[in-house]
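Everything below concerns the one structure shown next.
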Amino acid sequence: MDERKALMILHGKQALNEEVRAAVLARREAGWQIAVRLTWEGGDAQRLVTEALQAGYPILIAGGGDGTLRAVAEAMVLANSEASLVLLPLGTANDFAIAAGVPVLPSDALALLDTPAQPIDVGEVDGQLFLNMATGGFGSQVTANTPEDLKSLLGGAAYFFTGLTRFAEVHAAFGRFRGPGFFWEGEFLGLGIGNARQAGGGHVLCPQAVVDDGLLDLCIIPAPHDVVSTLGTLLSGGILGLESISISAQLPWIEVDAPEGLDLNLDGEPFARTQMRFAVRPGVLRVHLPLDSALLSATVGDDA
C-alpha cells in the first residue's frame, strides 16, 4: 500500500478504551499515520466520514458496534468513495464483524490495515443502506428491548436472556414476499434479510450468505402451532434446527407487503413500513477482511 494513512471514527463510549489506545500506538510505531475522531451524537459518523474523505484519507476505520459500522459504511457508499474500510468491533453483538472473522482484539483488528481491501455488497431498503441484516418479528423486538446495562453485564447473552423473558409478548405478523421466481405469504414469527449471516448477538439466520455474490439471503420463520418450541430454536442459535423450520431464498431483490405494518431492525436502527423493497448494491464498498473470511465467496487469491 502506497499511503499508510487512516482516520478512525470511534464511538464516544470508547474514548477511554486503553486497548484501543495501545493498538493505535502500535500501528503508528509500525509506520501508520492514524488520526482519531470521536462521535458524540446522531449524525456525527456521517459528518466525520465526509470530513475524512474531503481531507483525502484513503482508509477509514469504524470503531464501535454494528450501528457505528452501518453509519460509516452508508456514508462512504453514498459519497461514491474509493476509500476502503477497516472494522474495529467494539459493540455488544458485533454481528457483522464476527461473521466475517474480524478479530475482536483491537490490536489484531487493526492489523487488517495491512491486508488488501475487497469489494463487497451493501443492502438497501427504500433508500436506506445496511451492511449486515434487516430483522423483523420477535428477533427484532428482542434486540430493541434489551437494556444497555444488561448488554454491558452479559454481552451477547443479554439478547438470549431478554428473549426468554418476553415469550408472553410474542405474536405473529402477516406478510407477502416477492422476488425473482419466489413468492410466499402467511404469518411469521421472525424474518431476516441478510447481506451477512447473523444478528441479535450471534443468532445465525442466513447461514449461507456471502457479501460478494450480488444477492440477499431471505429467511422467514413461519408461525407454527408450537410457538415456545420454535422460539427456543431461534434463541438457542441452532443452525440445523433453524433450517428445519424456516423458508429461505437467495434473491437480488425482495418486495415485502405487510398490511398491518412491520417493525424492522436495520443494523441496529429501527425501520417501520407496510410496503418495502430490498435490493443489493453489488461491490460498492471496499473492506479489509481476513483473507479466509467466511463471508467472501472465495478465498482471496483463489482462482475459483
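Just so we're on the same page: first chain in the C-alpha cells is A, next is B, and so on; residues restart at 1 for each chain, and ligands are numbered from 1 in the order they show up.
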### Query
What residues in segment 4-96 of chain A get the DSSP label strand (DSSP E or B)? Please answer as an MDAnalysis selection string.
chainID A and resid 5:10 33:38 59:64 84:89
### Message
Would you pick out the contacts of Ala83 of chain A at 12 Å or less, using only C-alpha atoms, so that residues sharing its chain but fewer than 6 positions from it are not included, and give the list as JSON, numbers by chain?
### Response
{"A": [3, 5, 6, 7, 49, 50, 52, 53, 54, 55, 56, 57, 58, 59, 60, 61, 72, 73, 75, 76, 77, 117, 118, 119, 284, 285, 286, 287, 288]}
### Task
Would you list the contacts of segment 211-218 of chain A as a PyMOL selection string, taking every protein, DNA or RNA residue within 10 Å and counting only C-alpha atoms, but skipping same-chain residues closer than 3 positions in sequence?
chain A and resi 100+118-124+131-134+177+191-197+205-208+246-254+278-284+294-298
### Selection: 9 Å around Arg178 of chain A, only C-alpha atoms, excl. self and same-chain fewer than 5 positions, as a PyMOL selection string
chain A and resi 183-185+253-257
Selected residues written out, N, CA and C atoms, as a CSV table (one decimal), in the first residue's frame:
chain,number,residue,atom,x,y,z
A,183,PHE,N,-42.3,-16.5,-4.3
A,183,PHE,CA,-43.4,-15.9,-3.7
A,183,PHE,C,-43.8,-16.7,-2.4
A,184,TRP,N,-44.1,-16.0,-1.3
A,184,TRP,CA,-44.6,-16.6,-0.1
A,184,TRP,C,-45.4,-15.6,0.6
A,185,GLU,N,-46.5,-16.1,1.2
A,185,GLU,CA,-47.3,-15.3,2.1
A,185,GLU,C,-47.8,-16.1,3.2
A,253,TRP,N,-33.4,-9.0,-5.3
A,253,TRP,CA,-34.3,-8.0,-4.7
A,253,TRP,C,-35.5,-8.8,-4.1
A,254,ILE,N,-36.1,-8.1,-3.1
A,254,ILE,CA,-37.3,-8.7,-2.4
A,254,ILE,C,-38.3,-7.6,-2.1
A,255,GLU,N,-39.5,-7.8,-2.5
A,255,GLU,CA,-40.6,-6.9,-2.1
A,255,GLU,C,-41.4,-7.5,-1.0
A,256,VAL,N,-41.7,-6.7,0.0
A,256,VAL,CA,-42.4,-7.1,1.2
A,256,VAL,C,-43.7,-6.2,1.4
A,257,ASP,N,-44.8,-6.9,1.5
A,257,ASP,CA,-46.1,-6.2,1.8
A,257,ASP,C,-46.6,-6.7,3.1
### Residues within 12 Å of Pro89 of chain A, only C-alpha atoms, excluding chain neighbours under 2 positions, as a VMD selection string
chain A and resid 9 to 11 14 20 61 to 70 86 to 87 91 to 110
Preceding selection exported with C-alpha atoms as an mmCIF file, in the first residue's frame:
data_model
loop_
_atom_site.group_PDB
_atom_site.id
_atom_site.type_symbol
_atom_site.label_atom_id
_atom_site.label_comp_id
_atom_site.auth_asym_id
_atom_site.auth_seq_id
_atom_site.Cartn_x
_atom_site.Cartn_y
_atom_site.Cartn_z
ATOM 1 C CA ILE A 9 -14.165 7.163 13.652
ATOM 2 C CA LEU A 10 -14.516 5.940 17.231
ATOM 3 C CA HIS A 11 -17.770 5.695 19.181
ATOM 4 C CA GLN A 14 -14.819 4.009 23.707
ATOM 5 C CA VAL A 20 -7.793 0.729 21.515
ATOM 6 C CA ILE A 61 -11.674 2.766 10.495
ATOM 7 C CA ALA A 62 -15.104 2.245 12.091
ATOM 8 C CA GLY A 63 -14.598 1.718 15.821
ATOM 9 C CA GLY A 64 -17.820 0.696 17.561
ATOM 10 C CA GLY A 65 -20.735 -1.699 17.199
ATOM 11 C CA ASP A 66 -22.940 -2.649 14.263
ATOM 12 C CA GLY A 67 -24.683 0.739 14.339
ATOM 13 C CA THR A 68 -21.421 2.654 14.002
ATOM 14 C CA LEU A 69 -20.307 0.329 11.232
ATOM 15 C CA ARG A 70 -23.582 0.828 9.341
ATOM 16 C CA VAL A 86 -11.374 -1.352 8.375
ATOM 17 C CA LEU A 87 -13.639 -2.728 11.102
ATOM 18 C CA GLY A 91 -20.006 -3.224 20.419
ATOM 19 C CA THR A 92 -22.050 -5.821 22.292
ATOM 20 C CA ALA A 93 -23.005 -8.030 19.360
ATOM 21 C CA ASN A 94 -20.523 -7.151 16.576
ATOM 22 C CA ASP A 95 -22.558 -9.480 14.373
ATOM 23 C CA PHE A 96 -21.113 -8.487 11.012
ATOM 24 C CA ALA A 97 -17.502 -8.418 12.190
ATOM 25 C CA ILE A 98 -17.721 -11.761 13.988
ATOM 26 C CA ALA A 99 -19.331 -13.479 10.995
ATOM 27 C CA ALA A 100 -16.594 -12.021 8.789
ATOM 28 C CA GLY A 101 -13.852 -13.339 11.076
ATOM 29 C CA VAL A 102 -12.597 -9.906 12.122
ATOM 30 C CA PRO A 103 -10.673 -10.286 15.420
ATOM 31 C CA VAL A 104 -12.260 -8.715 18.494
ATOM 32 C CA LEU A 105 -8.870 -7.836 19.993
ATOM 33 C CA PRO A 106 -8.187 -4.251 18.833
ATOM 34 C CA SER A 107 -4.522 -4.873 18.000
ATOM 35 C CA ASP A 108 -5.438 -7.835 15.797
ATOM 36 C CA ALA A 109 -8.340 -5.995 14.163
ATOM 37 C CA LEU A 110 -6.112 -3.057 13.210
#
### Query
Where in segment 8-128 of chain A does DSSP assign helix (DSSP H, G or I), given as an MDAnalysis selection string?
chainID A and resid 12:14 18:29 44:54 66:78 95:100 106:114
Serialized selection, C-alpha atoms, as a tab-separated table (two decimals), in the first residue's frame:
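See selection01.tsv below for the written result:
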chain	number	residue	atom	x	y	z
A	12	GLY	CA	-17.62	8.20	22.03
A	13	LYS	CA	-18.18	5.49	24.67
A	14	GLN	CA	-14.82	4.01	23.71
A	18	GLU	CA	-6.92	1.51	26.75
A	19	GLU	CA	-6.75	-1.49	24.41
A	20	VAL	CA	-7.79	0.73	21.52
A	21	ARG	CA	-5.24	3.36	22.51
A	22	ALA	CA	-2.47	0.74	22.69
A	23	ALA	CA	-3.49	-0.73	19.32
A	24	VAL	CA	-3.41	2.69	17.65
A	25	LEU	CA	0.02	3.45	19.13
A	26	ALA	CA	1.33	0.10	17.91
A	27	ARG	CA	0.15	0.80	14.37
A	28	ARG	CA	1.75	4.23	14.49
A	29	GLU	CA	5.02	2.67	15.59
A	44	ASP	CA	-21.54	12.58	13.80
A	45	ALA	CA	-20.33	9.45	12.00
A	46	GLN	CA	-21.68	10.69	8.66
A	47	ARG	CA	-20.16	14.15	9.18
A	48	LEU	CA	-16.78	12.69	10.12
A	49	VAL	CA	-16.80	10.46	7.04
A	50	THR	CA	-17.40	13.49	4.84
A	51	GLU	CA	-14.58	15.41	6.51
A	52	ALA	CA	-12.20	12.46	6.23
A	53	LEU	CA	-12.92	11.96	2.53
A	54	GLN	CA	-12.50	15.67	1.84
A	66	ASP	CA	-22.94	-2.65	14.26
A	67	GLY	CA	-24.68	0.74	14.34
A	68	THR	CA	-21.42	2.65	14.00
A	69	LEU	CA	-20.31	0.33	11.23
A	70	ARG	CA	-23.58	0.83	9.34
A	71	ALA	CA	-23.41	4.62	9.65
A	72	VAL	CA	-19.82	4.80	8.41
A	73	ALA	CA	-20.38	2.31	5.59
A	74	GLU	CA	-23.56	4.06	4.41
A	75	ALA	CA	-21.84	7.46	4.32
A	76	MET	CA	-18.93	6.04	2.33
A	77	VAL	CA	-21.20	4.39	-0.23
A	78	LEU	CA	-23.43	7.45	-0.64
A	95	ASP	CA	-22.56	-9.48	14.37
A	96	PHE	CA	-21.11	-8.49	11.01
A	97	ALA	CA	-17.50	-8.42	12.19
A	98	ILE	CA	-17.72	-11.76	13.99
A	99	ALA	CA	-19.33	-13.48	10.99
A	100	ALA	CA	-16.59	-12.02	8.79
A	106	PRO	CA	-8.19	-4.25	18.83
A	107	SER	CA	-4.52	-4.87	18.00
A	108	ASP	CA	-5.44	-7.84	15.80
A	109	ALA	CA	-8.34	-5.99	14.16
A	110	LEU	CA	-6.11	-3.06	13.21
A	111	ALA	CA	-3.59	-5.48	11.74
A	112	LEU	CA	-6.10	-5.82	8.89
A	113	LEU	CA	-4.83	-2.43	7.69
A	114	ASP	CA	-2.09	-4.45	6.02
### Query
Quick one: distance from atom CA of Leu266 of chain A to atom CA of Leu129 of chain A in Å, one decimal?
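Computed distance, atom CA of Leu266 of chain A to atom CA of Leu129 of chain A, equals 8.5 Å.
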Each segment 115-138 of chain A residue no farther than 10 Å from segment 271-274 of chain A, nearest pair in Å, only C-alpha atoms, as a Markdown table:
| residue | atom | partner | partner_atom | distance |
| --- | --- | --- | --- | --- |
| A:Val125 | CA | A:Phe271 | CA | 9.6 |
| A:Asp126 | CA | A:Arg273 | CA | 9.6 |
| A:Gln128 | CA | A:Phe271 | CA | 9.4 |
| A:Ala134 | CA | A:Phe271 | CA | 8.9 |
| A:Thr135 | CA | A:Phe271 | CA | 9.7 |
| A:Gly136 | CA | A:Phe271 | CA | 9.4 |
### Task
One decimal, Å: what's the distance from atom CA of Ala79 of chain A over to atom CA of Ala209 of chain A, could you say?
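We find that atom CA of Ala79 of chain A and atom CA of Ala209 of chain A lie 25.9 Å from each other.
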### Task
Have a look at A:Asp267, A:Glu82, A:Glu41, A:Glu187 and name the one nearest to Ile221 of chain A; count only C-alpha atoms.
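Of the candidates, the smallest distance to Ile221 of chain A is held by A:Glu187.
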#### Entry: One-decimal distance in Å that lies between atom CA of Ala173 of chain A and atom CA of Gly261 of chain A
8.4 Å
